[in-house]
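Data from start_14.txt: compact mmCIF, C-alpha atoms
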```txt
# COMPACT_ATOMS: atom_id res chain seq x y z
CA MET A 1481 0.00 0.00 0.00
CA LYS A 1482 2.91 2.33 0.71
CA ARG A 1483 4.18 1.81 -2.84
CA VAL A 1484 0.69 2.37 -4.23
CA MET A 1485 0.41 5.67 -2.36
CA MET A 1486 3.87 6.78 -3.55
CA ILE A 1487 2.90 6.10 -7.17
CA LEU A 1488 -0.43 7.88 -6.84
CA LEU A 1489 1.23 10.90 -5.25
CA ALA A 1490 3.87 10.99 -8.00
CA LEU A 1491 1.20 10.76 -10.68
CA LEU A 1492 -0.82 13.50 -9.04
CA ALA A 1493 2.25 15.69 -8.87
CA SER A 1494 2.83 15.25 -12.58
CA GLY A 1495 -0.83 15.82 -13.34
CA ALA A 1496 -1.17 12.43 -15.00
CA LEU A 1497 -4.38 11.52 -13.25
CA ALA A 1498 -6.02 14.69 -14.49
CA PHE A 1499 -5.76 13.68 -18.12
CA ALA A 1500 -8.46 11.54 -19.64
CA GLY A 1501 -9.48 10.63 -23.17
CA GLY A 1502 -6.59 8.71 -24.69
CA GLY A 1503 -3.86 10.36 -22.62
CA GLN A 1504 -4.30 13.81 -24.11
CA GLN A 1505 -5.06 17.26 -22.82
CA LYS A 1506 -5.90 20.48 -24.60
CA SER A 1507 -3.44 23.32 -24.23
CA GLY A 1508 -3.84 26.62 -26.06
CA GLY A 1509 -6.03 25.01 -28.70
CA SER A 1510 -3.54 22.19 -29.42
CA SER A 1511 -3.48 18.59 -28.25
CA VAL A 1512 -0.44 17.29 -26.34
CA GLN A 1513 0.30 13.85 -24.92
CA ALA A 1514 -0.07 13.53 -21.15
CA TYR A 1515 1.62 10.14 -20.85
CA HIS A 1516 3.12 7.22 -22.73
CA ILE A 1517 2.86 3.50 -21.93
CA GLY A 1518 5.74 1.17 -22.78
CA ILE A 1519 5.24 -2.50 -23.53
CA VAL A 1520 8.02 -5.06 -23.89
CA THR A 1521 7.29 -8.48 -25.42
CA GLY A 1522 9.06 -11.36 -27.08
CA THR A 1523 9.29 -11.69 -30.84
CA VAL A 1524 6.94 -13.61 -33.14
CA SER A 1525 9.17 -16.72 -33.00
CA GLN A 1526 9.13 -17.00 -29.19
CA ALA A 1527 5.83 -15.45 -28.12
CA GLU A 1528 3.61 -14.35 -31.00
CA ASP A 1529 0.48 -13.94 -28.88
CA ASN A 1530 2.23 -11.55 -26.50
CA LEU A 1531 3.40 -9.42 -29.42
CA ARG A 1532 -0.07 -9.39 -31.00
CA GLY A 1533 -1.48 -8.07 -27.74
CA ALA A 1534 0.93 -5.14 -27.94
CA GLU A 1535 -0.15 -4.56 -31.53
CA GLU A 1536 -3.78 -4.43 -30.36
CA LEU A 1537 -2.88 -1.61 -27.96
CA ILE A 1538 -1.16 0.25 -30.81
CA LYS A 1539 -4.24 -0.28 -32.98
CA ARG A 1540 -6.44 1.24 -30.27
CA TYR A 1541 -4.25 4.01 -28.92
CA GLY A 1542 -1.57 4.67 -31.52
CA ARG A 1543 2.20 4.38 -31.61
CA VAL A 1544 4.28 7.07 -29.89
CA ALA A 1545 6.13 7.79 -33.14
CA ASP A 1546 2.79 8.56 -34.78
CA GLY A 1547 1.49 10.75 -31.96
CA GLY A 1548 -0.11 7.94 -29.94
CA ILE A 1549 0.67 6.68 -26.45
CA ILE A 1550 2.09 3.14 -26.93
CA GLN A 1551 5.84 2.45 -27.25
CA HIS A 1552 6.52 -1.21 -28.10
CA VAL A 1553 9.93 -2.94 -28.04
CA THR A 1554 10.94 -6.62 -28.04
CA TYR A 1555 13.48 -8.52 -25.98
CA PRO A 1556 15.95 -10.97 -27.62
CA ASP A 1557 14.91 -14.54 -28.42
CA ASN A 1558 17.98 -15.78 -26.56
CA PHE A 1559 17.07 -13.76 -23.48
CA MET A 1560 18.93 -16.06 -21.07
CA ASP A 1561 22.28 -15.11 -22.60
CA GLN A 1562 21.32 -11.51 -23.30
CA GLN A 1563 19.82 -10.34 -20.02
CA GLU A 1564 21.68 -7.04 -20.14
CA VAL A 1565 20.14 -6.35 -23.55
CA THR A 1566 16.70 -7.07 -22.11
CA ILE A 1567 17.36 -4.85 -19.10
CA SER A 1568 18.62 -2.06 -21.35
CA GLN A 1569 15.49 -2.27 -23.52
CA VAL A 1570 13.31 -1.75 -20.45
CA VAL A 1571 15.42 0.93 -18.79
CA THR A 1572 15.71 2.96 -22.01
CA LEU A 1573 11.94 3.41 -21.98
CA ALA A 1574 12.36 5.47 -18.81
CA ASP A 1575 14.35 8.06 -20.78
CA ASP A 1576 11.03 9.28 -22.17
CA PRO A 1577 9.78 11.94 -19.72
CA LEU A 1578 6.18 11.11 -20.65
CA MET A 1579 6.60 7.40 -19.86
CA LYS A 1580 4.26 6.63 -16.97
CA ALA A 1581 3.84 2.84 -17.16
CA ILE A 1582 5.88 -0.12 -18.43
CA VAL A 1583 4.38 -3.55 -19.13
CA MET A 1584 6.71 -6.55 -19.47
CA ASN A 1585 5.11 -9.66 -20.97
CA GLU A 1586 6.53 -12.19 -20.40
CA GLY A 1587 8.58 -11.23 -17.36
CA VAL A 1588 11.69 -13.11 -18.49
CA PRO A 1589 14.80 -13.31 -16.26
CA GLY A 1590 16.19 -9.81 -15.81
CA THR A 1591 12.78 -8.17 -15.46
CA ALA A 1592 13.07 -7.58 -11.72
CA GLU A 1593 16.53 -6.02 -12.12
CA ALA A 1594 15.28 -3.85 -14.97
CA PHE A 1595 12.36 -2.69 -12.83
CA ARG A 1596 14.70 -1.88 -9.94
CA ARG A 1597 16.85 0.27 -12.21
CA VAL A 1598 13.80 2.06 -13.62
CA ARG A 1599 12.47 2.71 -10.12
CA GLU A 1600 15.77 4.26 -9.03
CA ARG A 1601 15.51 6.78 -11.85
CA ARG A 1602 11.75 7.18 -12.24
CA PRO A 1603 9.67 6.24 -9.16
CA ASP A 1604 6.61 7.72 -10.90
CA ILE A 1605 6.50 4.90 -13.51
CA MET A 1606 4.14 1.98 -12.82
CA LEU A 1607 5.80 -1.39 -13.48
CA PHE A 1608 3.68 -4.39 -14.54
CA SER A 1609 4.87 -7.94 -15.28
CA GLY A 1610 2.86 -10.55 -17.16
CA GLU A 1611 3.76 -14.22 -16.57
CA SER A 1612 6.97 -13.77 -14.64
CA HIS A 1613 9.78 -16.31 -15.11
CA GLU A 1614 11.32 -15.13 -11.84
CA ASP A 1615 10.34 -16.44 -8.43
CA PRO A 1616 7.25 -14.83 -6.91
CA LEU A 1617 9.08 -13.07 -4.06
CA VAL A 1618 11.63 -11.68 -6.52
CA ILE A 1619 9.10 -10.13 -8.91
CA GLN A 1620 6.84 -9.02 -6.06
CA GLY A 1621 9.75 -7.01 -4.66
CA ALA A 1622 10.24 -5.14 -7.93
CA ALA A 1623 6.88 -4.84 -9.72
CA ASP A 1624 3.81 -2.84 -8.80
CA LEU A 1625 1.72 -5.66 -10.25
CA ALA A 1626 2.49 -9.13 -11.57
CA ILE A 1627 -0.03 -11.53 -13.08
CA SER A 1628 0.55 -15.20 -13.76
CA ALA A 1629 -1.46 -18.08 -15.12
CA ASP A 1630 -2.58 -19.74 -11.89
CA PHE A 1631 0.14 -22.35 -11.59
CA ILE A 1632 -1.32 -23.69 -8.34
CA SER A 1633 -4.98 -24.10 -9.32
CA ARG A 1634 -4.03 -25.29 -12.82
CA GLY A 1635 -1.69 -27.85 -11.22
CA TYR A 1636 -4.87 -29.61 -10.14
CA ALA A 1637 -7.33 -28.43 -12.83
CA ILE A 1638 -5.33 -29.73 -15.82
CA PRO A 1639 -4.99 -33.32 -14.47
CA TRP A 1640 -8.69 -33.13 -13.47
CA ALA A 1641 -9.53 -32.21 -17.08
CA ALA A 1642 -7.29 -35.01 -18.33
CA LYS A 1643 -9.23 -37.45 -16.15
CA GLN A 1644 -12.50 -36.28 -17.73
CA LEU A 1645 -11.02 -37.12 -21.14
CA GLY A 1646 -10.18 -40.65 -20.04
CA ALA A 1647 -6.41 -40.12 -19.77
CA ASP A 1648 -4.43 -42.80 -17.97
CA THR A 1649 -0.98 -41.16 -18.25
CA PHE A 1650 0.19 -37.56 -17.92
CA VAL A 1651 3.41 -36.83 -19.85
CA HIS A 1652 5.10 -33.62 -18.70
CA ILE A 1653 7.75 -32.24 -21.10
CA SER A 1654 10.25 -29.65 -19.87
CA PHE A 1655 13.93 -28.92 -19.10
CA PRO A 1656 16.05 -27.88 -16.08
CA ARG A 1657 15.83 -24.08 -16.57
CA HIS A 1658 12.05 -24.11 -16.43
CA MET A 1659 11.99 -26.52 -13.51
CA SER A 1660 14.19 -24.09 -11.54
CA TYR A 1661 11.42 -21.46 -11.72
CA GLU A 1662 9.20 -21.65 -8.66
CA SER A 1663 6.00 -21.17 -10.66
CA LEU A 1664 6.76 -23.98 -13.15
CA GLY A 1665 8.59 -26.27 -10.73
CA LEU A 1666 5.88 -26.03 -8.08
CA ARG A 1667 3.18 -26.65 -10.67
CA ARG A 1668 5.02 -29.79 -11.76
CA GLN A 1669 4.99 -31.00 -8.14
CA ILE A 1670 1.25 -30.31 -7.90
CA PHE A 1671 0.68 -32.09 -11.24
CA GLU A 1672 2.43 -35.15 -9.85
CA GLU A 1673 0.45 -35.14 -6.60
CA ALA A 1674 -2.86 -34.54 -8.39
CA CYS A 1675 -2.18 -37.35 -10.86
CA LYS A 1676 -1.52 -39.72 -7.96
CA ASP A 1677 -4.78 -38.70 -6.28
CA LEU A 1678 -6.75 -39.00 -9.54
CA GLY A 1679 -5.30 -42.38 -10.50
CA ILE A 1680 -3.22 -41.14 -13.46
CA LYS A 1681 0.38 -42.20 -14.07
CA PHE A 1682 2.75 -39.20 -14.11
CA VAL A 1683 5.81 -39.23 -16.41
CA PHE A 1684 8.44 -36.52 -16.73
CA VAL A 1685 10.48 -36.31 -19.94
CA THR A 1686 13.27 -33.85 -20.72
CA ALA A 1687 13.51 -31.95 -24.02
CA PRO A 1688 16.09 -29.40 -25.22
CA ASP A 1689 15.79 -25.81 -24.03
CA PRO A 1690 15.18 -23.53 -27.07
CA THR A 1691 17.47 -20.89 -25.51
CA SER A 1692 20.37 -23.39 -25.43
CA ASP A 1693 22.92 -23.98 -28.20
CA VAL A 1694 20.46 -26.09 -30.23
CA GLY A 1695 18.18 -23.04 -30.59
CA THR A 1696 14.48 -23.05 -31.32
CA ALA A 1697 14.83 -25.09 -34.54
CA GLY A 1698 16.80 -27.85 -32.82
CA ALA A 1699 14.40 -28.03 -29.89
CA GLN A 1700 11.41 -28.26 -32.22
CA GLN A 1701 13.06 -30.97 -34.32
CA TYR A 1702 13.61 -33.03 -31.16
CA ILE A 1703 9.90 -32.82 -30.31
CA MET A 1704 9.00 -33.83 -33.87
CA GLU A 1705 11.20 -36.91 -33.66
CA GLN A 1706 10.33 -37.98 -30.12
CA THR A 1707 6.54 -37.50 -30.03
CA PRO A 1708 5.70 -40.60 -32.14
CA GLN A 1709 7.91 -42.65 -29.82
CA TRP A 1710 6.25 -41.16 -26.73
CA VAL A 1711 2.80 -42.01 -28.10
CA SER A 1712 3.98 -45.55 -28.86
CA THR A 1713 5.35 -45.91 -25.32
CA TYR A 1714 2.58 -44.26 -23.30
CA GLY A 1715 -0.43 -44.86 -25.56
CA LYS A 1716 -3.10 -42.77 -27.22
CA ASN A 1717 -4.83 -42.17 -23.90
CA ALA A 1718 -1.81 -40.29 -22.58
CA VAL A 1719 -2.23 -36.54 -22.18
CA PHE A 1720 0.79 -34.42 -23.10
CA PHE A 1721 1.82 -31.09 -21.59
CA CYS A 1722 4.90 -28.97 -22.38
CA THR A 1723 6.17 -25.89 -20.55
CA ASN A 1724 7.66 -24.11 -23.57
CA ASN A 1725 5.86 -22.16 -26.30
CA ALA A 1726 8.25 -23.25 -29.04
CA HIS A 1727 7.67 -26.94 -28.22
CA THR A 1728 3.90 -26.61 -28.56
CA GLU A 1729 3.51 -26.50 -32.36
CA PRO A 1730 5.56 -29.62 -33.19
CA LEU A 1731 3.96 -31.48 -30.27
CA LEU A 1732 0.45 -30.69 -31.54
CA ARG A 1733 1.36 -31.55 -35.12
CA GLN A 1734 2.57 -35.01 -34.15
CA LEU A 1735 -0.22 -35.72 -31.66
CA LEU A 1736 -2.79 -34.90 -34.34
CA GLN A 1737 -1.09 -37.45 -36.58
CA TYR A 1738 -0.11 -40.20 -34.15
CA GLY A 1739 -2.67 -39.87 -31.33
CA GLY A 1740 -2.58 -38.69 -27.74
CA LEU A 1741 -4.51 -36.05 -25.78
CA PHE A 1742 -3.79 -32.37 -25.19
CA VAL A 1743 -5.74 -30.39 -22.55
CA GLU A 1744 -4.17 -26.97 -23.01
CA ALA A 1745 -0.85 -25.22 -23.55
CA ASP A 1746 1.34 -23.78 -20.81
CA LEU A 1747 0.11 -20.33 -21.88
CA PRO A 1748 -3.15 -21.33 -23.57
CA SER A 1749 -4.50 -19.82 -26.76
CA PRO A 1750 -6.13 -21.03 -29.99
CA LEU A 1751 -3.12 -19.35 -31.62
CA MET A 1752 -0.60 -21.23 -29.49
CA GLY A 1753 0.78 -23.94 -31.77
CA TYR A 1754 -2.47 -24.77 -33.57
CA PRO A 1755 -2.20 -22.62 -36.73
CA GLY A 1756 1.26 -23.97 -37.61
CA ALA A 1757 0.41 -27.53 -36.60
CA LEU A 1758 -2.75 -27.46 -38.72
CA GLY A 1759 -1.34 -25.42 -41.61
CA ILE A 1760 -4.16 -22.86 -41.50
CA ASP A 1761 -4.04 -19.17 -42.38
CA LEU A 1762 -5.71 -16.93 -39.81
CA SER A 1763 -4.70 -13.56 -41.26
CA ALA A 1764 -8.32 -12.76 -42.19
CA GLU A 1765 -9.43 -13.52 -38.61
CA ALA A 1766 -6.61 -11.56 -36.90
CA GLY A 1767 -7.74 -10.20 -33.53
CA ASN A 1768 -11.17 -11.87 -33.76
CA PHE A 1769 -10.83 -14.72 -31.27
CA PRO A 1770 -14.31 -16.23 -31.71
CA ALA A 1771 -13.56 -16.50 -35.46
CA ILE A 1772 -10.05 -17.83 -34.76
CA LEU A 1773 -11.42 -20.45 -32.35
CA LYS A 1774 -14.05 -21.55 -34.88
CA LYS A 1775 -11.52 -22.00 -37.68
CA VAL A 1776 -9.06 -23.87 -35.44
CA GLU A 1777 -11.89 -26.04 -34.12
CA GLU A 1778 -13.05 -26.97 -37.63
CA ALA A 1779 -9.50 -27.95 -38.60
CA VAL A 1780 -8.98 -30.06 -35.47
CA VAL A 1781 -12.31 -31.86 -35.98
CA ALA A 1782 -11.39 -32.52 -39.62
CA LYS A 1783 -8.19 -34.17 -38.38
CA GLY A 1784 -10.17 -36.47 -36.09
CA GLY A 1785 -9.20 -34.64 -32.92
CA ALA A 1786 -12.67 -33.67 -31.64
CA GLY A 1787 -12.82 -33.80 -27.85
CA ARG A 1788 -9.11 -34.68 -27.61
CA PHE A 1789 -7.46 -31.25 -27.99
CA GLY A 1790 -8.13 -28.19 -25.86
CA THR A 1791 -7.20 -24.56 -25.31
CA TRP A 1792 -8.52 -21.37 -23.74
CA ALA A 1793 -11.07 -19.66 -25.95
CA PHE A 1794 -9.00 -16.48 -25.77
CA SER A 1795 -5.23 -16.11 -25.78
CA TYR A 1796 -3.66 -15.72 -22.35
CA GLY A 1797 -0.52 -14.09 -23.80
CA PHE A 1798 -2.52 -11.67 -25.95
CA THR A 1799 -4.80 -10.81 -23.03
CA ALA A 1800 -1.91 -10.27 -20.61
CA SER A 1801 -0.19 -7.80 -22.96
CA ALA A 1802 -3.32 -5.93 -24.00
CA GLY A 1803 -5.08 -6.19 -20.64
CA LEU A 1804 -2.16 -4.91 -18.56
CA GLY A 1805 -1.68 -2.04 -20.99
CA GLU A 1806 -5.39 -1.25 -20.77
CA PHE A 1807 -5.25 -1.42 -16.97
CA ALA A 1808 -2.33 1.00 -16.90
CA LYS A 1809 -4.21 3.40 -19.16
CA ARG A 1810 -7.35 3.28 -17.01
CA ILE A 1811 -5.29 4.02 -13.89
CA LEU A 1812 -3.59 6.95 -15.59
CA ASP A 1813 -6.97 8.20 -16.77
CA GLY A 1814 -8.34 7.99 -13.23
CA LYS A 1815 -10.81 5.24 -14.19
CA ALA A 1816 -9.24 2.37 -12.22
CA ARG A 1817 -7.18 1.82 -9.07
CA LEU A 1818 -3.92 -0.07 -8.92
CA ASP A 1819 -4.97 -1.89 -5.75
CA ASN A 1820 -8.39 -2.98 -7.04
CA VAL A 1821 -8.40 -6.51 -8.46
CA SER A 1822 -11.91 -6.02 -9.87
CA ASP A 1823 -10.57 -3.16 -11.99
CA LEU A 1824 -7.80 -5.48 -13.20
CA TYR A 1825 -10.30 -8.21 -14.17
CA ALA A 1826 -12.41 -5.61 -15.99
CA ALA A 1827 -9.38 -4.51 -18.05
CA LEU A 1828 -8.51 -8.12 -18.92
CA GLY A 1829 -12.18 -8.81 -19.70
CA GLU A 1830 -12.09 -6.06 -22.32
CA PHE A 1831 -10.31 -8.62 -24.52
CA THR A 1832 -12.15 -11.81 -23.45
CA PRO A 1833 -15.89 -11.11 -23.73
CA GLY A 1834 -17.99 -13.84 -22.16
CA ALA A 1835 -15.08 -15.86 -20.78
CA LYS A 1836 -15.13 -17.21 -17.21
CA TRP A 1837 -12.05 -16.34 -15.18
CA SER A 1838 -11.00 -17.47 -11.73
CA GLY A 1839 -7.98 -17.00 -9.51
CA GLY A 1840 -6.79 -14.84 -6.64
CA TYR A 1841 -3.81 -13.29 -4.93
CA TYR A 1842 -0.68 -15.43 -4.64
CA VAL A 1843 -0.13 -16.97 -1.20
CA ASP A 1844 3.37 -18.12 -0.27
CA ALA A 1845 3.18 -21.73 0.94
CA ASN A 1846 6.22 -21.28 3.21
CA THR A 1847 4.99 -18.20 5.06
CA GLY A 1848 1.24 -18.15 4.47
CA ILE A 1849 1.56 -14.50 3.45
CA ARG A 1850 -0.83 -13.29 0.76
CA ALA A 1851 0.81 -11.00 -1.81
CA ARG A 1852 -1.16 -7.89 -2.72
CA ASN A 1853 0.68 -7.26 -5.98
CA GLN A 1854 0.66 -10.70 -7.65
CA VAL A 1855 -2.58 -12.10 -9.02
CA LEU A 1856 -2.98 -15.66 -10.35
CA ILE A 1857 -5.64 -16.17 -13.03
CA TYR A 1858 -7.05 -18.96 -15.20
CA MET A 1859 -9.92 -19.61 -17.61
CA ASP A 1860 -12.19 -22.58 -18.36
CA THR A 1861 -10.69 -25.14 -20.74
CA TYR A 1862 -12.37 -25.33 -24.15
CA MET A 1863 -12.18 -28.77 -25.76
CA LEU A 1864 -12.26 -28.34 -29.51
CA GLY A 1865 -15.22 -30.17 -30.98
CA SER A 1866 -16.99 -30.76 -27.65
CA GLY A 1867 -17.11 -27.44 -25.74
CA TYR A 1868 -16.10 -26.16 -22.31
CA LEU A 1869 -14.90 -28.17 -19.36
CA PRO A 1870 -15.81 -26.31 -16.13
CA THR A 1871 -12.29 -26.17 -14.74
CA THR A 1872 -12.85 -22.83 -12.97
CA ALA A 1873 -15.86 -24.31 -11.15
CA GLN A 1874 -13.79 -27.07 -9.53
CA LYS A 1875 -12.83 -26.63 -5.90
CA VAL A 1876 -9.10 -27.16 -5.66
CA PRO A 1877 -8.35 -29.19 -2.50
CA GLU A 1878 -6.52 -27.15 0.13
CA LYS A 1879 -3.62 -29.62 0.26
CA TYR A 1880 -2.33 -28.43 -3.13
CA TYR A 1881 -1.95 -24.87 -1.87
CA ASN A 1882 0.30 -26.14 0.93
CA ILE A 1883 2.83 -27.98 -1.25
CA LYS A 1884 6.23 -26.32 -0.93
CA PHE A 1885 8.59 -25.80 -3.87
CA GLN A 1886 11.48 -28.26 -3.71
CA GLY A 1887 13.86 -26.23 -5.86
CA GLY A 1888 14.03 -27.63 -9.36
CA LYS A 1889 13.01 -31.22 -8.58
```

Please, can you express the file's structure as structure tokens?
Amino acid sequence: MKRVMMILLALLASGALAFAGGGQQKSGGSSVQAYHIGIVTGTVSQAEDNLRGAEELIKRYGRVADGGIIQHVTYPDNFMDQQEVTISQVVTLADDPLMKAIVMNEGVPGTAEAFRRVRERRPDIMLFSGESHEDPLVIQGAADLAISADFISRGYAIPWAAKQLGADTFVHISFPRHMSYESLGLRRQIFEEACKDLGIKFVFVTAPDPTSDVGTAGAQQYIMEQTPQWVSTYGKNAVFFCTNNAHTEPLLRQLLQYGGLFVEADLPSPLMGYPGALGIDLSAEAGNFPAILKKVEEAVVAKGGAGRFGTWAFSYGFTASAGLGEFAKRILDGKARLDNVSDLYAALGEFTPGAKWSGGYYVDANTGIRARNQVLIYMDTYMLGSGYLPTTAQKVPEKYYNIKFQGGK
């Protein structure tokens, strides 16, 4: 709350909260910008949905170079080896005196350090992280707000959904870097416990990290080669889950050909992996998620995958980028409060009409302390060809919230 009050006071001092209507005020008969919002995303090859969400903000509110309020930059694909480049990209945004909010989606390693450096120079800038790769306590100490796909609730909800599909085996595909992240590593532990409770065999398999020397192409080739063998070993009633975006397309392509089940992606979206796996062109449907979902669904059903492949009806990555940018704008316009989670949900809902969301504030299992600046969210699973599974309506047993991260198990 102290940080919230400091930001509000700084914004009031600069007059930012007095400006409404697209971040502009009238002065002497001319229109001048009251604030700018920066958004940092991955590139098309690593996180296309995140980038498209930034483009939606530009479409709505204009690019800074063209007199609008959105400044968009991308971080390197190989962000693990180029953290200083990522940090520099974020910090450079603070050189703009009109910059009043920065959204980082995803919050790759280096985000917390970048936010700390920005805060030292510009305490008036709000700092938002979407889907942080850094441990919760690390990003909570640097960001004014962080949102994450609910890695605790989904740790139970995804195996529950798999059980509804008749899955007998849960194959979890990842690599050591991801398992060192508390959010992903803890979710894996919850997956394993939930599978045991639900009577599903849990299997962990390791695949190459796309940020390693093999690169994205090498990691994807590995998935292409291994998936038929995995299906042969674990059967067509095995459900597959991977923690990396780049792995998703080749995994889906091979599962559609060889069998297997797929509940949803790590960061779910009808755009995550499906267009490439199905060879469909969605350029005419760009930004129209009901139309995108319909076209993807028709293609999956045509491949014989009805009721076996799922997603979220709207893109999580797209919504995080666009929704956090929208939330920042509403705060700066005086139409939302930073500490009001209902205002946050309303901003996210701007891009997911009709979708059911659930979630809550992150609670540290070790201390029992509820964070007030990290919100975990998730949406009902949509099974292509058969409709929604009510995952958000399931009561997650309390035991899963008390599982402690074992540090990269």

Selection as a VMD selection string: residues within 6 Å of (-6.5, -20.7, -14.7), counting only C-alpha atoms: chain A and resid 1629 to 1630 1634 1857 to 1859

Among listed residues A:Gly1829, A:Gly1790, A:Pro1755, A:Gly1548, nearest Phe1742 of chain A (using all atoms listed in the file): A:Gly1790

Please report, as JSON lines, each residue of segment 1585-1637 of chain A lying at most 12 Å from segment 1814-1820 of chain A, together with the nearest pair of atoms and the separation in Å rounded to one decimal; use only C-alpha atoms, and order rows by chain and ascending residue number.
```
{"residue": "A:Met1606", "atom": "CA", "partner": "A:Leu1818", "partner_atom": "CA", "distance": 9.2}
{"residue": "A:Leu1607", "atom": "CA", "partner": "A:Leu1818", "partner_atom": "CA", "distance": 10.8}
{"residue": "A:Phe1608", "atom": "CA", "partner": "A:Leu1818", "partner_atom": "CA", "distance": 10.4}
{"residue": "A:Ala1623", "atom": "CA", "partner": "A:Leu1818", "partner_atom": "CA", "distance": 11.8}
{"residue": "A:Asp1624", "atom": "CA", "partner": "A:Leu1818", "partner_atom": "CA", "distance": 8.2}
{"residue": "A:Leu1625", "atom": "CA", "partner": "A:Leu1818", "partner_atom": "CA", "distance": 8.1}
{"residue": "A:Ala1626", "atom": "CA", "partner": "A:Leu1818", "partner_atom": "CA", "distance": 11.4}
```

Selected residue, from A:Lys1836, A:Thr1728, A:Tyr1636, A:Gly1759, that lies nearest to Val1876 of chain A when counting only C-alpha atoms: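 For Val1876 of chain A, the nearest of the given residues is A:Tyr1636.
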
All residues 12 Å or closer to Pro1688 of chain A, only C-alpha atoms, same chain fewer than 2 positions away omitted, as an mmCIF file with C-alpha atoms, in the frame of the given file:
```cif
data_model
loop_
_atom_site.group_PDB
_atom_site.id
_atom_site.type_symbol
_atom_site.label_atom_id
_atom_site.label_comp_id
_atom_site.auth_asym_id
_atom_site.auth_seq_id
_atom_site.Cartn_x
_atom_site.Cartn_y
_atom_site.Cartn_z
ATOM 1 C CA ILE A 1653 7.750 -32.240 -21.100
ATOM 2 C CA SER A 1654 10.250 -29.650 -19.870
ATOM 3 C CA PHE A 1655 13.930 -28.920 -19.100
ATOM 4 C CA PRO A 1656 16.050 -27.880 -16.080
ATOM 5 C CA ARG A 1657 15.830 -24.080 -16.570
ATOM 6 C CA HIS A 1658 12.050 -24.110 -16.430
ATOM 7 C CA VAL A 1685 10.480 -36.310 -19.940
ATOM 8 C CA THR A 1686 13.270 -33.850 -20.720
ATOM 9 C CA PRO A 1690 15.180 -23.530 -27.070
ATOM 10 C CA THR A 1691 17.470 -20.890 -25.510
ATOM 11 C CA SER A 1692 20.370 -23.390 -25.430
ATOM 12 C CA ASP A 1693 22.920 -23.980 -28.200
ATOM 13 C CA VAL A 1694 20.460 -26.090 -30.230
ATOM 14 C CA GLY A 1695 18.180 -23.040 -30.590
ATOM 15 C CA THR A 1696 14.480 -23.050 -31.320
ATOM 16 C CA ALA A 1697 14.830 -25.090 -34.540
ATOM 17 C CA GLY A 1698 16.800 -27.850 -32.820
ATOM 18 C CA ALA A 1699 14.400 -28.030 -29.890
ATOM 19 C CA GLN A 1700 11.410 -28.260 -32.220
ATOM 20 C CA GLN A 1701 13.060 -30.970 -34.320
ATOM 21 C CA TYR A 1702 13.610 -33.030 -31.160
ATOM 22 C CA ILE A 1703 9.900 -32.820 -30.310
ATOM 23 C CA GLN A 1706 10.330 -37.980 -30.120
ATOM 24 C CA CYS A 1722 4.900 -28.970 -22.380
ATOM 25 C CA THR A 1723 6.170 -25.890 -20.550
ATOM 26 C CA ASN A 1724 7.660 -24.110 -23.570
ATOM 27 C CA ALA A 1726 8.250 -23.250 -29.040
ATOM 28 C CA HIS A 1727 7.670 -26.940 -28.220
#
```

Which protein, DNA or RNA residues are at most 12 Å from (17.8, -3.6, -12.8) in the file's coordinates when you count all atoms listed in the file, listed as a compact mmCIF listing (two decimals) with C-alpha atoms, in the frame of the given file?
```txt
# COMPACT_ATOMS: atom_id res chain seq x y z
CA GLN A 1563 19.82 -10.34 -20.02
CA GLU A 1564 21.68 -7.04 -20.14
CA VAL A 1565 20.14 -6.35 -23.55
CA THR A 1566 16.70 -7.07 -22.11
CA ILE A 1567 17.36 -4.85 -19.10
CA SER A 1568 18.62 -2.06 -21.35
CA GLN A 1569 15.49 -2.27 -23.52
CA VAL A 1570 13.31 -1.75 -20.45
CA VAL A 1571 15.42 0.93 -18.79
CA THR A 1572 15.71 2.96 -22.01
CA PRO A 1589 14.80 -13.31 -16.26
CA GLY A 1590 16.19 -9.81 -15.81
CA THR A 1591 12.78 -8.17 -15.46
CA ALA A 1592 13.07 -7.58 -11.72
CA GLU A 1593 16.53 -6.02 -12.12
CA ALA A 1594 15.28 -3.85 -14.97
CA PHE A 1595 12.36 -2.69 -12.83
CA ARG A 1596 14.70 -1.88 -9.94
CA ARG A 1597 16.85 0.27 -12.21
CA VAL A 1598 13.80 2.06 -13.62
CA ARG A 1599 12.47 2.71 -10.12
CA GLU A 1600 15.77 4.26 -9.03
CA ARG A 1601 15.51 6.78 -11.85
CA VAL A 1618 11.63 -11.68 -6.52
CA ILE A 1619 9.10 -10.13 -8.91
CA GLY A 1621 9.75 -7.01 -4.66
CA ALA A 1622 10.24 -5.14 -7.93
CA ALA A 1623 6.88 -4.84 -9.72
```

Write out as a PDB file with C-alpha atoms, keeping the file's coordinate frame which residues come within 7 Å of segment 1537-1541 of chain A when counting all atoms listed in the file, dropping same-chain ones fewer than 2 positions away.
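File produced: out_2.pdb:
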```pdb
ATOM      1  CA  GLY A1502      -6.590   8.710 -24.690  1.00  0.00           C
ATOM      2  CA  GLY A1533      -1.480  -8.070 -27.740  1.00  0.00           C
ATOM      3  CA  ALA A1534       0.930  -5.140 -27.940  1.00  0.00           C
ATOM      4  CA  GLU A1535      -0.150  -4.560 -31.530  1.00  0.00           C
ATOM      5  CA  ARG A1543       2.200   4.380 -31.610  1.00  0.00           C
ATOM      6  CA  GLY A1548      -0.110   7.940 -29.940  1.00  0.00           C
ATOM      7  CA  ILE A1549       0.670   6.680 -26.450  1.00  0.00           C
ATOM      8  CA  ILE A1550       2.090   3.140 -26.930  1.00  0.00           C
ATOM      9  CA  ALA A1802      -3.320  -5.930 -24.000  1.00  0.00           C
TER      10      ALA A1802
END
```
